[in-house]
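Containing mmCIF, C-alpha atoms and all ligand atoms: coords_18.cif.
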```cif
data_structure
#
loop_
_atom_site.label_atom_id
_atom_site.label_comp_id
_atom_site.auth_asym_id
_atom_site.auth_seq_id
_atom_site.Cartn_x
_atom_site.Cartn_y
_atom_site.Cartn_z
CA MET A 6 -33.81 11.43 -42.85
CA MET A 7 -30.80 10.15 -40.90
CA PRO A 8 -27.52 10.81 -42.77
CA GLU A 9 -26.33 7.78 -44.76
CA GLY A 10 -25.05 4.92 -42.62
CA SER A 11 -25.71 6.49 -39.21
CA THR A 12 -28.30 4.89 -36.91
CA PRO A 13 -30.23 7.19 -34.48
CA ALA A 14 -28.73 7.38 -30.98
CA LEU A 15 -30.70 5.12 -28.63
CA SER A 16 -31.34 5.57 -24.89
CA PRO A 17 -30.10 2.79 -22.55
CA GLN A 18 -33.67 1.45 -22.80
CA GLY A 19 -33.43 1.33 -26.62
CA VAL A 20 -35.61 4.39 -27.35
CA PRO A 21 -34.37 6.74 -30.16
CA TYR A 22 -33.41 10.10 -28.66
CA THR A 23 -35.33 11.70 -31.55
CA GLU A 24 -38.42 10.59 -29.59
CA LEU A 25 -37.19 11.83 -26.19
CA SER A 26 -36.72 15.38 -24.90
CA HIS A 27 -33.00 15.74 -24.30
CA TYR A 28 -29.97 17.95 -24.62
CA ILE A 29 -26.40 17.07 -25.60
CA ASN A 30 -23.81 17.70 -22.90
CA ALA A 31 -20.25 18.94 -23.31
CA ASP A 32 -19.04 15.35 -23.80
CA GLY A 33 -21.57 14.77 -26.60
CA GLN A 34 -23.77 12.54 -24.44
CA HIS A 35 -27.57 12.62 -24.75
CA ILE A 36 -29.06 13.80 -21.43
CA PHE A 37 -32.75 12.90 -21.05
CA SER A 38 -34.67 15.96 -19.87
CA ARG A 39 -38.18 16.36 -18.47
CA TYR A 40 -40.58 19.36 -18.31
CA TRP A 41 -43.77 19.71 -16.29
CA LYS A 42 -45.71 22.79 -17.51
CA PRO A 43 -48.47 24.65 -15.65
CA SER A 44 -51.81 25.24 -17.42
CA GLY A 45 -51.37 29.01 -17.17
CA SER A 46 -48.28 31.08 -17.95
CA PRO A 47 -45.50 30.17 -15.48
CA ARG A 48 -44.58 32.61 -12.70
CA ALA A 49 -41.30 30.83 -11.76
CA LEU A 50 -39.02 27.91 -12.67
CA MET A 51 -38.12 24.96 -10.43
CA PHE A 52 -35.03 22.89 -11.30
CA ILE A 53 -35.24 19.43 -9.63
CA VAL A 54 -31.97 17.47 -9.12
CA HIS A 55 -32.23 13.72 -8.48
CA GLY A 56 -29.89 11.52 -6.43
CA ALA A 57 -27.51 8.60 -6.96
CA GLY A 58 -28.86 5.65 -8.95
CA GLU A 59 -32.36 7.12 -9.41
CA HIS A 60 -33.87 9.35 -12.12
CA CYS A 61 -35.93 12.52 -12.60
CA CYS A 62 -39.27 10.79 -13.32
CA ARG A 63 -39.37 9.80 -9.63
CA TYR A 64 -40.23 13.48 -8.94
CA ASP A 65 -43.60 13.47 -10.74
CA ASP A 66 -45.58 13.92 -7.48
CA LEU A 67 -43.49 16.89 -6.37
CA ALA A 68 -43.64 18.39 -9.86
CA GLN A 69 -47.46 18.16 -9.89
CA ILE A 70 -47.63 20.12 -6.61
CA LEU A 71 -45.39 22.80 -8.13
CA THR A 72 -47.20 23.13 -11.48
CA ALA A 73 -50.38 23.76 -9.43
CA LEU A 74 -48.52 26.81 -8.07
CA ASN A 75 -47.85 27.87 -11.66
CA PHE A 76 -44.22 26.77 -11.61
CA LEU A 77 -42.67 25.36 -14.72
CA VAL A 78 -40.68 22.39 -13.40
CA PHE A 79 -37.68 20.98 -15.25
CA SER A 80 -35.15 18.26 -14.59
CA HIS A 81 -32.89 15.71 -16.31
CA ASP A 82 -31.29 12.32 -15.69
CA HIS A 83 -27.61 12.77 -14.74
CA VAL A 84 -25.10 11.11 -17.04
CA GLY A 85 -24.97 7.37 -16.27
CA HIS A 86 -28.51 7.45 -14.85
CA GLY A 87 -32.04 6.63 -16.01
CA GLN A 88 -32.66 7.43 -19.70
CA SER A 89 -29.42 9.37 -20.21
CA GLU A 90 -26.30 8.00 -21.85
CA GLY A 91 -23.21 6.98 -19.94
CA GLU A 92 -21.98 3.89 -18.11
CA ARG A 93 -24.33 3.23 -15.16
CA MET A 94 -23.43 5.23 -12.03
CA THR A 95 -19.93 5.96 -13.27
CA ILE A 96 -18.32 9.41 -13.15
CA HIS A 97 -14.67 10.36 -13.21
CA ASP A 98 -15.27 13.88 -11.88
CA PHE A 99 -18.27 14.91 -9.75
CA HIS A 100 -18.12 18.37 -11.35
CA ILE A 101 -19.55 16.87 -14.57
CA PHE A 102 -22.96 16.69 -12.82
CA VAL A 103 -22.65 20.41 -11.93
CA ARG A 104 -21.46 21.32 -15.46
CA ASP A 105 -24.46 19.57 -17.05
CA ASN A 106 -26.78 21.27 -14.53
CA ILE A 107 -25.44 24.69 -15.54
CA GLN A 108 -25.91 23.87 -19.21
CA HIS A 109 -29.58 22.99 -18.61
CA LEU A 110 -30.01 26.09 -16.42
CA ASP A 111 -28.66 28.31 -19.22
CA LEU A 112 -30.96 26.66 -21.79
CA MET A 113 -33.98 27.45 -19.57
CA LYS A 114 -32.82 30.99 -18.73
CA LYS A 115 -32.71 31.68 -22.47
CA GLN A 116 -36.27 30.40 -22.93
CA TYR A 117 -37.72 32.11 -19.82
CA PRO A 118 -35.41 35.10 -19.24
CA ASP A 119 -37.60 36.98 -16.75
CA LEU A 120 -38.71 34.24 -14.37
CA PRO A 121 -37.23 33.65 -10.88
CA ILE A 122 -35.54 30.26 -10.63
CA PHE A 123 -35.54 27.88 -7.65
CA MET A 124 -33.72 24.57 -7.26
CA CYS A 125 -34.70 21.45 -5.32
CA GLY A 126 -32.15 18.67 -4.75
CA HIS A 127 -32.40 15.33 -2.96
CA SER A 128 -29.47 13.37 -1.46
CA MET A 129 -26.54 13.35 -3.92
CA GLY A 130 -28.74 15.72 -5.94
CA GLY A 131 -28.58 18.04 -2.93
CA ALA A 132 -24.79 18.16 -3.18
CA ILE A 133 -25.04 18.81 -6.94
CA ALA A 134 -27.62 21.56 -6.23
CA ILE A 135 -25.45 23.24 -3.57
CA LEU A 136 -22.43 23.26 -5.92
CA THR A 137 -24.58 24.54 -8.84
CA VAL A 138 -25.97 27.43 -6.76
CA ASP A 139 -22.46 28.09 -5.43
CA GLU A 140 -21.28 28.62 -9.02
CA ARG A 141 -24.33 30.70 -10.07
CA PRO A 142 -25.59 32.38 -6.85
CA ASP A 143 -27.25 35.28 -8.74
CA ASP A 144 -29.35 32.89 -10.84
CA PHE A 145 -31.34 31.45 -7.94
CA SER A 146 -34.09 32.89 -5.71
CA GLY A 147 -33.99 29.92 -3.32
CA LEU A 148 -32.79 26.37 -2.72
CA ILE A 149 -34.80 23.47 -1.29
CA LEU A 150 -32.85 20.44 -0.01
CA ILE A 151 -34.43 17.11 0.91
CA SER A 152 -31.92 15.09 3.04
CA PRO A 153 -28.92 16.44 1.11
CA LEU A 154 -25.52 14.78 0.97
CA VAL A 155 -23.38 17.24 2.97
CA LEU A 156 -21.55 14.78 5.24
CA PRO A 157 -21.29 11.09 4.31
CA SER A 158 -23.23 8.83 6.70
CA PRO A 159 -20.96 7.09 9.26
CA GLN A 160 -22.18 3.72 7.90
CA SER A 161 -21.25 4.32 4.27
CA ALA A 162 -18.04 6.20 4.94
CA THR A 163 -16.26 5.07 8.10
CA SER A 164 -12.72 6.46 8.21
CA PHE A 165 -11.45 3.00 7.28
CA LYS A 166 -13.81 2.78 4.27
CA VAL A 167 -12.74 6.27 3.19
CA PHE A 168 -9.08 5.31 3.45
CA ALA A 169 -9.72 1.98 1.71
CA ALA A 170 -11.81 3.59 -1.04
CA LYS A 171 -9.11 6.16 -1.83
CA LEU A 172 -6.42 3.49 -1.88
CA LEU A 173 -8.54 0.99 -3.83
CA ASN A 174 -9.47 3.71 -6.33
CA TYR A 175 -5.98 3.34 -7.78
CA VAL A 176 -6.02 -0.42 -8.08
CA LEU A 177 -9.68 -1.53 -8.25
CA PRO A 178 -11.82 1.53 -9.14
CA ASN A 179 -14.66 -0.69 -10.37
CA LEU A 180 -14.81 -2.80 -7.24
CA SER A 181 -18.34 -2.66 -5.79
CA LEU A 182 -18.91 -1.08 -2.38
CA GLY A 183 -22.32 -2.77 -2.31
CA SER A 184 -25.66 -1.31 -3.41
CA ILE A 185 -28.03 1.09 -1.64
CA ASP A 186 -30.24 -0.88 0.77
CA PRO A 187 -33.81 -0.11 -0.46
CA SER A 188 -35.18 -0.44 3.10
CA PHE A 189 -33.05 2.60 4.06
CA VAL A 190 -34.78 4.77 1.44
CA SER A 191 -38.17 5.02 3.22
CA ARG A 192 -40.42 3.55 5.94
CA ASN A 193 -43.21 3.51 3.35
CA LYS A 194 -43.31 -0.09 2.11
CA LYS A 195 -45.06 0.93 -1.13
CA GLU A 196 -42.28 3.40 -1.89
CA VAL A 197 -39.59 0.80 -1.11
CA GLU A 198 -41.38 -1.59 -3.48
CA ALA A 199 -41.62 1.12 -6.17
CA TYR A 200 -37.89 1.82 -5.80
CA THR A 201 -36.95 -1.88 -5.91
CA THR A 202 -39.07 -2.64 -8.99
CA ASP A 203 -38.29 0.58 -10.92
CA PRO A 204 -36.40 -0.46 -14.10
CA LEU A 205 -34.95 3.05 -14.45
CA VAL A 206 -33.31 2.84 -11.01
CA TYR A 207 -29.78 1.37 -11.00
CA HIS A 208 -29.69 -1.47 -8.45
CA GLY A 209 -26.08 -2.55 -9.07
CA GLY A 210 -23.26 -1.96 -6.60
CA MET A 211 -21.68 1.46 -6.06
CA LYS A 212 -18.21 1.52 -7.60
CA VAL A 213 -15.24 2.56 -5.45
CA SER A 214 -14.55 5.31 -8.02
CA PHE A 215 -18.11 6.65 -7.63
CA GLY A 216 -17.82 6.56 -3.83
CA VAL A 217 -14.58 8.52 -4.04
CA GLN A 218 -16.33 11.15 -6.21
CA LEU A 219 -19.09 11.41 -3.59
CA LEU A 220 -16.42 12.02 -0.94
CA ASN A 221 -14.90 14.70 -3.19
CA ALA A 222 -18.38 16.24 -3.44
CA THR A 223 -18.84 16.38 0.35
CA SER A 224 -15.52 18.18 0.80
CA ARG A 225 -16.37 20.66 -2.01
CA VAL A 226 -19.77 21.25 -0.38
CA GLU A 227 -18.19 21.92 3.02
CA LYS A 228 -15.86 24.50 1.42
CA ALA A 229 -18.82 26.21 -0.28
CA LEU A 230 -21.05 26.56 2.81
CA PRO A 231 -19.38 29.55 4.55
CA LEU A 232 -19.96 31.74 1.46
CA PHE A 233 -23.50 30.52 0.79
CA LYS A 234 -26.11 33.35 0.81
CA VAL A 235 -29.14 32.06 -1.14
CA PRO A 236 -32.34 31.40 0.92
CA VAL A 237 -32.46 27.73 1.95
CA LEU A 238 -35.26 25.37 3.06
CA LEU A 239 -33.79 22.13 4.44
CA PHE A 240 -35.49 18.85 5.41
CA HIS A 241 -33.91 15.84 7.14
CA GLY A 242 -35.16 12.70 8.94
CA THR A 243 -33.62 11.73 12.29
CA LEU A 244 -33.29 8.04 11.27
CA ASP A 245 -31.69 8.73 7.88
CA LYS A 246 -29.04 6.03 7.37
CA LEU A 247 -27.96 7.16 3.87
CA CYS A 248 -27.09 10.81 4.45
CA ASP A 249 -26.12 11.90 7.95
CA ILE A 250 -28.56 14.45 9.47
CA ARG A 251 -25.48 16.09 11.07
CA GLY A 252 -24.73 17.39 7.56
CA SER A 253 -27.95 19.44 7.56
CA HIS A 254 -27.17 20.80 11.04
CA VAL A 255 -23.66 21.78 9.87
CA MET A 256 -25.19 23.43 6.80
CA ILE A 257 -27.86 25.44 8.65
CA ASP A 258 -25.22 26.63 11.17
CA THR A 259 -22.59 27.54 8.56
CA ILE A 260 -24.35 29.25 5.63
CA GLN A 261 -24.68 33.05 5.66
CA SER A 262 -28.19 33.06 4.16
CA GLU A 263 -30.54 35.44 6.00
CA GLU A 264 -33.46 33.10 5.31
CA LYS A 265 -32.64 29.54 6.30
CA THR A 266 -34.99 26.91 7.74
CA LEU A 267 -34.29 23.29 8.78
CA LYS A 268 -37.31 21.03 9.34
CA VAL A 269 -36.38 17.81 11.20
CA TYR A 270 -38.72 14.79 10.93
CA GLU A 271 -38.50 12.50 13.98
CA GLY A 272 -38.12 8.85 13.04
CA ALA A 273 -38.17 9.48 9.31
CA PHE A 274 -35.78 7.75 6.92
CA HIS A 275 -34.07 9.18 3.80
CA ALA A 276 -36.48 10.04 0.95
CA LEU A 277 -38.83 12.42 2.83
CA HIS A 278 -40.75 13.11 -0.41
CA LYS A 279 -41.49 9.37 -0.54
CA GLU A 280 -41.98 8.66 3.15
CA LEU A 281 -45.06 7.84 5.26
CA PRO A 282 -48.03 9.99 4.15
CA GLU A 283 -47.94 12.33 7.15
CA VAL A 284 -44.26 13.12 6.53
CA THR A 285 -44.50 13.60 2.75
CA SER A 286 -47.67 15.70 2.94
CA SER A 287 -46.02 17.90 5.58
CA VAL A 288 -42.89 18.31 3.41
CA PHE A 289 -45.01 19.28 0.37
CA GLN A 290 -47.05 21.76 2.44
CA GLU A 291 -43.89 23.35 3.84
CA ILE A 292 -42.47 23.65 0.31
CA GLU A 293 -45.68 25.23 -0.98
CA SER A 294 -45.92 27.86 1.75
CA TRP A 295 -42.19 28.66 1.61
CA LEU A 296 -42.40 29.21 -2.17
CA GLN A 297 -45.64 31.25 -1.93
CA GLN A 298 -43.98 33.45 0.67
CA LYS A 299 -40.87 33.86 -1.54
CA LEU A 300 -42.97 34.79 -4.57
CA GLY A 301 -45.31 37.03 -2.54
CA GLY A 302 -49.01 36.14 -2.61
CA THR A 303 -51.03 33.11 -3.65
CA GLY A 304 -50.69 32.84 -7.42
CA SER A 305 -52.01 29.26 -7.15
CA SER A 306 -54.54 28.05 -9.71
CA ASN A 307 -57.56 28.31 -7.37
CA ILE A 308 -58.68 31.95 -7.07
CA VAL A 309 -59.41 32.63 -3.38
O1 LIG B 401 -35.11 8.16 -3.39
C1 LIG B 401 -33.91 7.80 -3.48
N1 LIG B 401 -32.87 8.41 -2.86
C2 LIG B 401 -31.65 7.82 -3.25
C3 LIG B 401 -32.07 6.55 -3.96
O2 LIG B 401 -33.47 6.74 -4.21
C4 LIG B 401 -30.54 7.65 -2.22
C5 LIG B 401 -29.52 8.04 -3.26
C6 LIG B 401 -28.36 8.98 -2.95
O3 LIG B 401 -28.24 9.98 -3.64
N2 LIG B 401 -27.49 8.72 -1.90
C7 LIG B 401 -27.60 7.56 -0.98
C8 LIG B 401 -26.30 6.80 -0.88
C9 LIG B 401 -25.16 7.71 -0.48
C10 LIG B 401 -23.90 6.90 -0.41
O4 LIG B 401 -22.84 7.75 0.01
C11 LIG B 401 -21.55 7.26 -0.08
C12 LIG B 401 -21.26 5.93 -0.40
C13 LIG B 401 -19.93 5.52 -0.46
C14 LIG B 401 -18.90 6.43 -0.21
F1 LIG B 401 -17.62 6.06 -0.28
C15 LIG B 401 -19.19 7.76 0.10
C16 LIG B 401 -20.52 8.15 0.17
CL1 LIG B 401 -20.91 9.80 0.54
C17 LIG B 401 -25.04 8.85 -1.48
C18 LIG B 401 -26.35 9.62 -1.61
C19 LIG B 401 -30.68 8.65 -4.05
#
```

Show me this structure written as structure tokens.
Amino acid sequence: MMPEGSTPALSPQGVPYTELSHYINADGQHIFSRYWKPSGSPRALMFIVHGAGEHCCRYDDLAQILTALNFLVFSHDHVGHGQSEGERMTIHDFHIFVRDNIQHLDLMKKQYPDLPIFMCGHSMGGAIAILTVDERPDDFSGLILISPLVLPSPQSATSFKVFAAKLLNYVLPNLSLGSIDPSFVSRNKKEVEAYTTDPLVYHGGMKVSFGVQLLNATSRVEKALPLFKVPVLLFHGTLDKLCDIRGSHVMIDTIQSEEKTLKVYEGAFHALHKELPEVTSSVFQEIESWLQQKLGGTGSSNIV
């Protein structure tokens, strides 16, 4: 029974959190979490980190591929996103995303203390992933990045816009910089349609204050790269207009990891895991073989 007079906390969609898997972050906010479990006992954990304005349930396809490899996949909606609490796409310090990531990581390490852990981040989620691994390098066996935010794209952050954003942040932090153009997300029309019609995706404008936090993130990422040693598998499309492919080239040239691979997809847009079939199937195959090689041996459900 709920204590006298208190109503159950509801998700932004009006669902009681008692009915949703979630954890409570350091600010007391309900963070919607998601788990995809393999049929057999898991041989490793994969922590998926979503990007700006979207949510973790958009990673169902990737999660299915991974559970078939006997990975237990877990993720959550960042504060201000999807089914988690918090004003939509509003953050006063980018590190909050990293802090909440580490809390979820520690919850899962407690439950599965002996399993290797990998992380996969897309776009802004790539920046969050890089900064999470940078804080806990010994906790991760590898990092997969799908068009990560390392350098802001010249479109979204011209030097004037950067200057204006930082100045405006003091006077009009809630001014909108405009919303993400769905046609930049993918060449796959069905995926653009899915993105545009997804009620859990935030389609409002990006606040100046959020843009400034993203710029903070890119400078923190650039400072972290020279000390980065975890194995990395990177993917980027040459026609990505949302996150500059130069960021992935800078990353692959700067990190100290012995194992580092960058796969470039000619002509591809931003969300490579939701691109034209030949791109997305190639990305999933590359991820599968990279993980199998990291874990040594097949271990997939079909016995060969
Ligand atoms: O499938 C997917 N992918 C998504 C959506 O759905 C793309 C989105 C995502 O994370 N980003 C795309 C937009 C980009 C804007 O960047 C800025 C804007 C203003 C500014 F001042 C400084 C920067 Cl850096 C950040 C990263 C996740």

(request) Quick one: everything within 8 Å of segment 267-269 of chain A, counting only C-alpha atoms, minus sequence neighbours fewer than 6 positions away in the same chain. Send it as an MDAnalysis selection string. (result) chainID A and resid 238:243 253:254 257

(request) Select the residues contacting ligand LIG 401 (chain B) at a distance of at most 7 Å, based on all atoms listed in the file, then format the selection as a PyMOL selection string. (result) chain A and resi 55-59+127-130+154+156-158+161-162+166-167+170+182+185+190+200+213+216-217+219-220+223+247-248+275-276

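Straight-line separation from atom CA of Glu263 of chain A to atom CA of Ala49 of chain A: 21.3 Å.
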
(message) Quick one: residues within 9 Å of Ile133 of chain A, all atoms listed in the file, excluding same-chain residues fewer than 2 positions away - as a PyMOL selection string?
(response) chain A and resi 54-56+99-100+102-103+106+126+128-131+135-138+154+222+226

(message) Just want the 9 Å neighbourhood of Ile96 of chain A, counted on only C-alpha atoms, with same-chain residues fewer than 3 positions away dropped. Output as a VMD selection string.
(response) chain A and resid 84 to 85 91 to 93 99 101 to 102 214 to 215 218

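From atom CA of Ser89 of chain A back to atom CA of Pro17 of chain A, the distance works out to 7.0 Å.
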
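Counting all atoms listed in the file, the residue from A:Ala199, A:Asp245, A:Asn75, A:Tyr270 that sits nearest to Glu283 of chain A is A:Tyr270.
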
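With only C-alpha atoms as the atoms that count, the minimum distance from Pro236 of chain A to the choices A:Ala68, A:Met124, A:Leu281, A:Val197 is reached by A:Met124.
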
Please report, as a tab-separated table, each residue of segment 53-169 of chain A lying at most 8 Å from segment 28-40 of chain A, together with the nearest pair of atoms and the separation in Å rounded to one decimal; use all atoms listed in the file, and order rows by chain and ascending residue number.
```
residue	atom	partner	partner_atom	distance
A:Cys61	CA	A:Arg39	CA	7.4
A:Cys62	CA	A:Arg39	CA	7.7
A:Leu77	CA	A:Tyr40	CA	7.3
A:Val78	CA	A:Tyr40	CA	5.8
A:Phe79	CA	A:Tyr40	CA	4.5
A:Ser80	CA	A:Arg39	CA	5.3
A:His81	CA	A:Ser38	CA	4.0
A:Asp82	CA	A:Phe37	CA	5.6
A:His83	CA	A:Ile36	CA	6.9
A:Val84	CA	A:Ile36	CA	6.5
A:Gln88	CA	A:Phe37	CA	5.6
A:Ser89	CA	A:Ile36	CA	4.6
A:Glu90	CA	A:His35	CA	5.6
A:Gly91	CA	A:Gln34	CA	7.2
A:Asp105	CA	A:Asn30	CA	6.2
A:Gln108	CA	A:Asn30	CA	7.5
A:His109	CA	A:Tyr28	CA	7.9
```

Working from the structure I just supplied, which lacks atoms in segment 257-288 of chain A, can you model N, CA and C atoms there and output them as an mmCIF file, in the coordinates of the input?
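For reference, out_11.cif as written:
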```cif
data_model
loop_
_atom_site.group_PDB
_atom_site.id
_atom_site.type_symbol
_atom_site.label_atom_id
_atom_site.label_comp_id
_atom_site.auth_asym_id
_atom_site.auth_seq_id
_atom_site.Cartn_x
_atom_site.Cartn_y
_atom_site.Cartn_z
ATOM 1 N N ILE A 257 -27.005 24.352 8.156
ATOM 2 C CA ILE A 257 -27.860 25.440 8.650
ATOM 3 C C ILE A 257 -27.071 26.361 9.579
ATOM 4 N N ASP A 258 -26.037 25.815 10.258
ATOM 5 C CA ASP A 258 -25.220 26.630 11.170
ATOM 6 C C ASP A 258 -24.121 27.404 10.428
ATOM 7 N N THR A 259 -23.771 26.959 9.222
ATOM 8 C CA THR A 259 -22.590 27.540 8.560
ATOM 9 C C THR A 259 -22.933 28.563 7.476
ATOM 10 N N ILE A 260 -24.044 28.347 6.760
ATOM 11 C CA ILE A 260 -24.350 29.250 5.630
ATOM 12 C C ILE A 260 -24.692 30.661 6.135
ATOM 13 N N GLN A 261 -24.443 31.650 5.304
ATOM 14 C CA GLN A 261 -24.680 33.050 5.660
ATOM 15 C C GLN A 261 -26.060 33.532 5.224
ATOM 16 N N SER A 262 -26.860 32.649 4.651
ATOM 17 C CA SER A 262 -28.190 33.060 4.160
ATOM 18 C C SER A 262 -28.992 33.695 5.285
ATOM 19 N N GLU A 263 -29.674 34.817 4.987
ATOM 20 C CA GLU A 263 -30.540 35.440 6.000
ATOM 21 C C GLU A 263 -31.744 34.538 6.252
ATOM 22 N N GLU A 264 -32.294 33.995 5.169
ATOM 23 C CA GLU A 264 -33.460 33.100 5.310
ATOM 24 C C GLU A 264 -32.972 31.667 5.203
ATOM 25 N N LYS A 265 -33.031 30.961 6.317
ATOM 26 C CA LYS A 265 -32.640 29.540 6.300
ATOM 27 C C LYS A 265 -33.485 28.804 7.330
ATOM 28 N N THR A 266 -34.089 27.702 6.880
ATOM 29 C CA THR A 266 -34.990 26.910 7.740
ATOM 30 C C THR A 266 -34.601 25.443 7.631
ATOM 31 N N LEU A 267 -34.499 24.748 8.770
ATOM 32 C CA LEU A 267 -34.290 23.290 8.780
ATOM 33 C C LEU A 267 -35.480 22.653 9.476
ATOM 34 N N LYS A 268 -36.179 21.770 8.743
ATOM 35 C CA LYS A 268 -37.310 21.030 9.340
ATOM 36 C C LYS A 268 -36.833 19.598 9.577
ATOM 37 N N VAL A 269 -36.840 19.163 10.850
ATOM 38 C CA VAL A 269 -36.380 17.810 11.200
ATOM 39 C C VAL A 269 -37.603 16.918 11.405
ATOM 40 N N TYR A 270 -37.587 15.728 10.799
ATOM 41 C CA TYR A 270 -38.720 14.790 10.930
ATOM 42 C C TYR A 270 -38.289 13.609 11.779
ATOM 43 N N GLU A 271 -38.826 13.570 13.027
ATOM 44 C CA GLU A 271 -38.500 12.500 13.980
ATOM 45 C C GLU A 271 -38.828 11.138 13.395
ATOM 46 N N GLY A 272 -37.839 10.231 13.422
ATOM 47 C CA GLY A 272 -38.120 8.850 13.040
ATOM 48 C C GLY A 272 -38.155 8.594 11.549
ATOM 49 N N ALA A 273 -38.059 9.665 10.770
ATOM 50 C CA ALA A 273 -38.170 9.480 9.310
ATOM 51 C C ALA A 273 -36.850 8.992 8.715
ATOM 52 N N PHE A 274 -36.958 8.272 7.616
ATOM 53 C CA PHE A 274 -35.780 7.750 6.920
ATOM 54 C C PHE A 274 -35.300 8.773 5.884
ATOM 55 N N HIS A 275 -34.799 8.295 4.710
ATOM 56 C CA HIS A 275 -34.070 9.180 3.800
ATOM 57 C C HIS A 275 -34.914 10.000 2.812
ATOM 58 N N ALA A 276 -35.741 9.319 2.016
ATOM 59 C CA ALA A 276 -36.480 10.040 0.950
ATOM 60 C C ALA A 276 -37.758 10.622 1.541
ATOM 61 N N LEU A 277 -37.686 11.820 2.113
ATOM 62 C CA LEU A 277 -38.830 12.420 2.830
ATOM 63 C C LEU A 277 -39.993 12.711 1.880
ATOM 64 N N HIS A 278 -39.703 12.875 0.597
ATOM 65 C CA HIS A 278 -40.750 13.110 -0.410
ATOM 66 C C HIS A 278 -41.409 11.806 -0.827
ATOM 67 N N LYS A 279 -40.908 10.696 -0.249
ATOM 68 C CA LYS A 279 -41.490 9.370 -0.540
ATOM 69 C C LYS A 279 -41.573 8.557 0.756
ATOM 70 N N GLU A 280 -41.929 9.297 1.831
ATOM 71 C CA GLU A 280 -41.980 8.660 3.150
ATOM 72 C C GLU A 280 -43.415 8.331 3.531
ATOM 73 N N LEU A 281 -43.678 8.103 4.818
ATOM 74 C CA LEU A 281 -45.060 7.840 5.260
ATOM 75 C C LEU A 281 -45.898 9.075 4.921
ATOM 76 N N PRO A 282 -47.185 8.882 4.641
ATOM 77 C CA PRO A 282 -48.030 9.990 4.150
ATOM 78 C C PRO A 282 -47.952 11.264 4.982
ATOM 79 N N GLU A 283 -47.944 11.118 6.323
ATOM 80 C CA GLU A 283 -47.940 12.330 7.150
ATOM 81 C C GLU A 283 -46.640 13.120 6.986
ATOM 82 N N VAL A 284 -45.546 12.423 6.724
ATOM 83 C CA VAL A 284 -44.260 13.120 6.530
ATOM 84 C C VAL A 284 -44.262 13.811 5.162
ATOM 85 N N THR A 285 -44.573 13.048 4.107
ATOM 86 C CA THR A 285 -44.500 13.600 2.750
ATOM 87 C C THR A 285 -45.485 14.730 2.544
ATOM 88 N N SER A 286 -46.710 14.600 3.125
ATOM 89 C CA SER A 286 -47.670 15.700 2.940
ATOM 90 C C SER A 286 -47.194 16.942 3.686
ATOM 91 N N SER A 287 -46.566 16.749 4.843
ATOM 92 C CA SER A 287 -46.020 17.900 5.580
ATOM 93 C C SER A 287 -44.900 18.570 4.784
ATOM 94 N N VAL A 288 -44.013 17.765 4.200
ATOM 95 C CA VAL A 288 -42.890 18.310 3.410
ATOM 96 C C VAL A 288 -43.451 19.116 2.231
#
```
